[in-house]
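Student: Please see the structure below; I have some questions.
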Amino acid sequence: GDTCKICMCDLDEEDMKPIVKLSKCVGHAFHLACVEKAFQFSQKCPSCNYCYLLRGPQPSGTMDVRIDKYTKCSGYSCATISISYSFPSGTQSYMHPSPGKSYSGTHRYAYLPDNEEGGRVCRLLMRGFEHGLLFTVGQSVTTGVKNTTIWNGVHHKTSTSGGVSNWGFPDDGYFERVTNELAAKGLFCEDFMAKEEKARSEWKLKRQRSADEKEILSQSLTEDSVKRLKLHALHSHLVARGLARTGSKPVLISRLCEAIAIPSSSSSSSSTTGAVKKAKKSAATTQKKKIDKHEATASQSSRERTKKILKINEELAAAMKSGDRERIKALMRERSAISRM
């Protein structure tokens, strides 16, 4: 049966543990409790790393983006992107610390230079707001007030000047830091998402080809059935067995018959038929061993990669809590390297 790639236990409906299948990545299945815990650290499929942007704990509010041609961010000569967030007071939901209790709203303002970097970060912030990832309800670090609307780990520039100490510009490392903070929440720039989608499509195609090859290799063929194969099907059988598909159709038929140990003439003696059957059985056994070995190696590699990513996600969550920016960047680079393996 299938195995949950997180806890490595069998997915058995009889053990009363709820099982779910993710919708956008070839239906990978997990225990519900396992995948919920994994998504607390990273909103990616533990099997293939497909990114799922789930709704975050942000309360209901609005985000307004405008271009201010008359205000300049310190260190920049271009116009300024002015962002305004507005959250009314309300009642906490199940995603907040005290469900059912009231919380106070807030108004926040943020600024970005209207250049390429500022525009890219602004688009990421807009996506983050749409998915409820930029704000949450909790205790304010600056005022100590509880049950109020606060930032959710993505730093904004709330002033156009004053430098780092005043949450303003200039700040040379700001765009790199905020990009990493957004990436930790599953928000990536358009180029990265395009590459991820391309890699995912290639992976799905490779997986489908592998499944097709297994199906082809499992088919039982005779000399007559090989001769009746159309050219496209003949090519598929040859490719699945790692054979060349160049030459005329009679050459291809002869090549396939030799590969699967089918006698070229029906006048073969009974002893020859017995030897052919034995050779065919041996070839099928060898092919099955190769497939089993390949699947075992791929499964082991996937388990090890999943364990490493989950461990890094735990360390990343701890680093974000402590505010260790260098550690966050190092972990993000390490996770990206493992994901590309």
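Chain identifiers are assigned as A, B, and so on, following the order in which chains appear in the structure tokens; residues are numbered from 1 within each chain, and ligands are numbered from 1 in order of appearance.
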With a distance cut-off of 8 Å and only C-alpha atoms, select the neighbouring residues of A:His96, excluding the residue or stretch itself and same-chain residues fewer than 4 positions from it, and output the selection as a PyMOL selection string.

Tutor: chain A and resi 57+92+136-138

Student: Which residue gives the smallest distance to A:Ser236 among A:Gly144, A:Glu215, A:Leu182, A:Asp64, with only C-alpha atoms counted?

Tutor: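 Closest to A:Ser236 of all the choices is A:Glu215.
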
Student: I'd like the contact shell of A:Lys249 - 10 Å cut-off, only C-alpha atoms, skipping same-chain residues fewer than 6 positions apart - returned as a PyMOL selection string.

Tutor: chain A and resi 227+229-231+234-235+255

Student: Residues at most 9 Å from A:Thr149, counting only C-alpha atoms, excluding those fewer than 3 positions away in the same chain, as a PyMOL selection string?

Tutor: chain A and resi 58-59+87+89+103-106+135-140+146

Student: Please produce a file of the residues just selected, as a compact mmCIF listing (two decimals), in the first residue's frame, where the atoms kept are all heavy atoms.

Tutor:
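File selection06.txt, as written:
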```txt
# COMPACT_ATOMS: atom_id res chain seq x y z
N GLN A 58 -4.47 36.36 8.92
CA GLN A 58 -4.73 37.80 8.81
C GLN A 58 -6.23 38.12 8.97
O GLN A 58 -7.06 37.49 8.32
CB GLN A 58 -4.24 38.28 7.44
CG GLN A 58 -4.40 39.75 7.17
CD GLN A 58 -3.78 40.11 5.83
OE1 GLN A 58 -2.58 40.15 5.69
NE2 GLN A 58 -4.62 40.33 4.83
N PRO A 59 -6.57 39.08 9.82
CA PRO A 59 -7.98 39.46 9.96
C PRO A 59 -8.46 40.23 8.74
O PRO A 59 -7.68 40.64 7.88
CB PRO A 59 -7.99 40.33 11.22
CG PRO A 59 -6.60 40.88 11.31
CD PRO A 59 -5.70 39.83 10.76
N PHE A 87 -7.40 47.90 9.12
CA PHE A 87 -8.08 46.76 9.72
C PHE A 87 -9.05 47.25 10.79
O PHE A 87 -8.63 47.86 11.78
CB PHE A 87 -7.07 45.79 10.36
CG PHE A 87 -6.15 45.14 9.36
CD1 PHE A 87 -4.91 45.71 9.08
CD2 PHE A 87 -6.52 43.98 8.71
CE1 PHE A 87 -4.06 45.13 8.17
CE2 PHE A 87 -5.67 43.39 7.79
CZ PHE A 87 -4.43 43.96 7.52
N SER A 89 -11.76 46.71 13.97
CA SER A 89 -11.83 45.79 15.10
C SER A 89 -12.82 44.68 14.78
O SER A 89 -13.71 44.83 13.93
CB SER A 89 -12.26 46.54 16.37
OG SER A 89 -11.32 47.55 16.68
N TYR A 103 -10.83 41.79 19.16
CA TYR A 103 -9.48 42.32 18.95
C TYR A 103 -9.62 43.73 18.38
O TYR A 103 -10.64 44.09 17.78
CB TYR A 103 -8.68 41.44 18.00
CG TYR A 103 -9.18 41.43 16.58
CD1 TYR A 103 -8.75 42.38 15.64
CD2 TYR A 103 -10.10 40.48 16.16
CE1 TYR A 103 -9.22 42.38 14.35
CE2 TYR A 103 -10.58 40.47 14.85
CZ TYR A 103 -10.14 41.41 13.95
OH TYR A 103 -10.60 41.42 12.66
N SER A 104 -8.59 44.53 18.59
CA SER A 104 -8.61 45.91 18.09
C SER A 104 -7.94 45.99 16.73
O SER A 104 -6.98 45.28 16.46
CB SER A 104 -7.90 46.84 19.08
OG SER A 104 -6.56 46.42 19.27
N GLY A 105 -8.47 46.84 15.88
CA GLY A 105 -7.93 47.02 14.54
C GLY A 105 -6.76 48.00 14.53
O GLY A 105 -6.31 48.48 15.58
N THR A 106 -6.28 48.33 13.34
CA THR A 106 -5.14 49.25 13.23
C THR A 106 -5.08 49.82 11.82
O THR A 106 -5.70 49.31 10.89
CB THR A 106 -3.82 48.52 13.56
OG1 THR A 106 -2.76 49.48 13.65
CG2 THR A 106 -3.48 47.52 12.48
N PHE A 135 -0.43 39.97 8.25
CA PHE A 135 -0.82 40.41 9.59
C PHE A 135 -1.45 39.25 10.35
O PHE A 135 -1.85 38.24 9.75
CB PHE A 135 -1.82 41.57 9.52
CG PHE A 135 -1.25 42.86 9.02
CD1 PHE A 135 -1.11 43.10 7.65
CD2 PHE A 135 -0.82 43.85 9.91
CE1 PHE A 135 -0.58 44.28 7.18
CE2 PHE A 135 -0.30 45.04 9.45
CZ PHE A 135 -0.16 45.26 8.08
N THR A 136 -1.52 39.40 11.68
CA THR A 136 -2.20 38.43 12.52
C THR A 136 -2.73 39.15 13.75
O THR A 136 -2.62 40.38 13.86
CB THR A 136 -1.26 37.27 12.91
OG1 THR A 136 -2.00 36.27 13.60
CG2 THR A 136 -0.12 37.76 13.79
N VAL A 137 -3.30 38.40 14.67
CA VAL A 137 -3.78 38.97 15.93
C VAL A 137 -2.91 38.44 17.06
O VAL A 137 -2.63 37.24 17.11
CB VAL A 137 -5.26 38.60 16.18
CG1 VAL A 137 -5.69 39.04 17.57
CG2 VAL A 137 -6.13 39.24 15.12
N GLY A 138 -2.45 39.32 17.94
CA GLY A 138 -1.59 38.90 19.04
C GLY A 138 -1.24 40.07 19.93
O GLY A 138 -1.97 41.06 20.00
N GLN A 139 -0.07 39.98 20.56
CA GLN A 139 0.41 41.04 21.46
C GLN A 139 1.43 41.91 20.75
O GLN A 139 2.39 41.40 20.16
CB GLN A 139 1.03 40.43 22.73
CG GLN A 139 1.49 41.49 23.74
CD GLN A 139 1.99 40.86 25.02
OE1 GLN A 139 2.00 39.64 25.15
NE2 GLN A 139 2.39 41.67 25.97
N SER A 140 1.24 43.20 20.80
CA SER A 140 2.15 44.13 20.14
C SER A 140 3.50 44.16 20.85
O SER A 140 3.55 44.28 22.08
CB SER A 140 1.53 45.54 20.12
OG SER A 140 2.46 46.48 19.64
N LYS A 146 -2.38 43.49 24.14
CA LYS A 146 -2.79 42.16 23.71
C LYS A 146 -4.05 42.24 22.85
O LYS A 146 -4.76 43.23 22.86
CB LYS A 146 -3.05 41.26 24.92
CG LYS A 146 -1.81 40.99 25.76
CD LYS A 146 -2.15 40.07 26.93
CE LYS A 146 -0.91 39.78 27.77
NZ LYS A 146 -1.22 38.89 28.92
```

Student: Show which residues sit within 12 Å of A:Ala244, as a ChimeraX atom specification. Count only C-alpha atoms, and ignore same-chain residues fewer than 4 positions away.

Tutor: /A:234-240,248,251-253,255-256,259

Student: In Å, with one decimal, what is the gap from atom CA of A:Leu124 to atom CA of A:Thr179?

Tutor: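 For atom CA of A:Leu124 relative to atom CA of A:Thr179, the distance reads 8.4 Å.
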
Student: Just checking: using only C-alpha atoms, which residue out of A:Met16, A:Gly100, A:Asn49, A:Ser161 ends up closest to A:His28?

Tutor: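 Residue with the minimum atom-to-atom distance to A:His28: A:Asn49.
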
Student: Between A:Phe41, A:Val164, A:Leu125, A:Thr71, which is the closest to A:Ala319 once you count only C-alpha atoms?

Tutor: A:Phe41

Student: Point out the residue among A:Cys73, A:Gly119, A:Ile19, A:Ile6 with the least atom-to-atom distance to A:Lys308, counting only C-alpha atoms.

Tutor: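 Counting only C-alpha atoms, the residue closest to A:Lys308 is A:Ile6.
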
Student: Give the answer as one residue: which of A:Lys185, A:Lys101, A:Arg120, A:Lys321 has the shortest atom-to-atom distance to A:Leu134, using only C-alpha atoms?

Tutor: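 Smallest distance to A:Leu134 is found for A:Lys185.
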
Student: Quick one: distance from atom CA of A:Glu181 to atom CA of A:Lys72 in Å, one decimal?

Tutor: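 Distance between the two atoms: 24.8 Å.
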
Student: From a backbone DSSP assignment, name each residue in stretch 25-235 of chain A labelled helix (DSSP H, G or I), as an MDAnalysis selection string.

Tutor: chainID A and resid 32:41 116:130 164:166 174:184 190:217 223:228 231:235

Student: Suppose you want the space between atom CA of A:Arg305 and atom CA of A:Arg241; what is it in Å?

Tutor: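 Going from atom CA of A:Arg305 over to atom CA of A:Arg241 covers 29.4 Å.
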
Student: Determine, counting only C-alpha atoms, which protein, DNA and RNA residues have an atom within 12 Å of an atom of A:Ser42; residues of the same chain fewer than 6 positions away are not included. Present the result as a list in words.

Tutor: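 With the cut-off at 12 Å, the set is Val35, Glu36, Asn49, Tyr50, Cys51, Tyr52, Leu53, Leu54, Leu182, Ala183, Ala184, Lys185, Gly186, Leu187, Thr306, Ile309, Leu310, Lys311, Ile312, Asn313, Glu314, Glu315, Leu316, Ala317, Met332 and Arg335 of chain A.
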
Student: So which one's closest to A:Ser336, A:Ala29, A:Asn180, A:Lys17, A:Ser165? Using only C-alpha atoms, please.

Tutor: A:Asn180
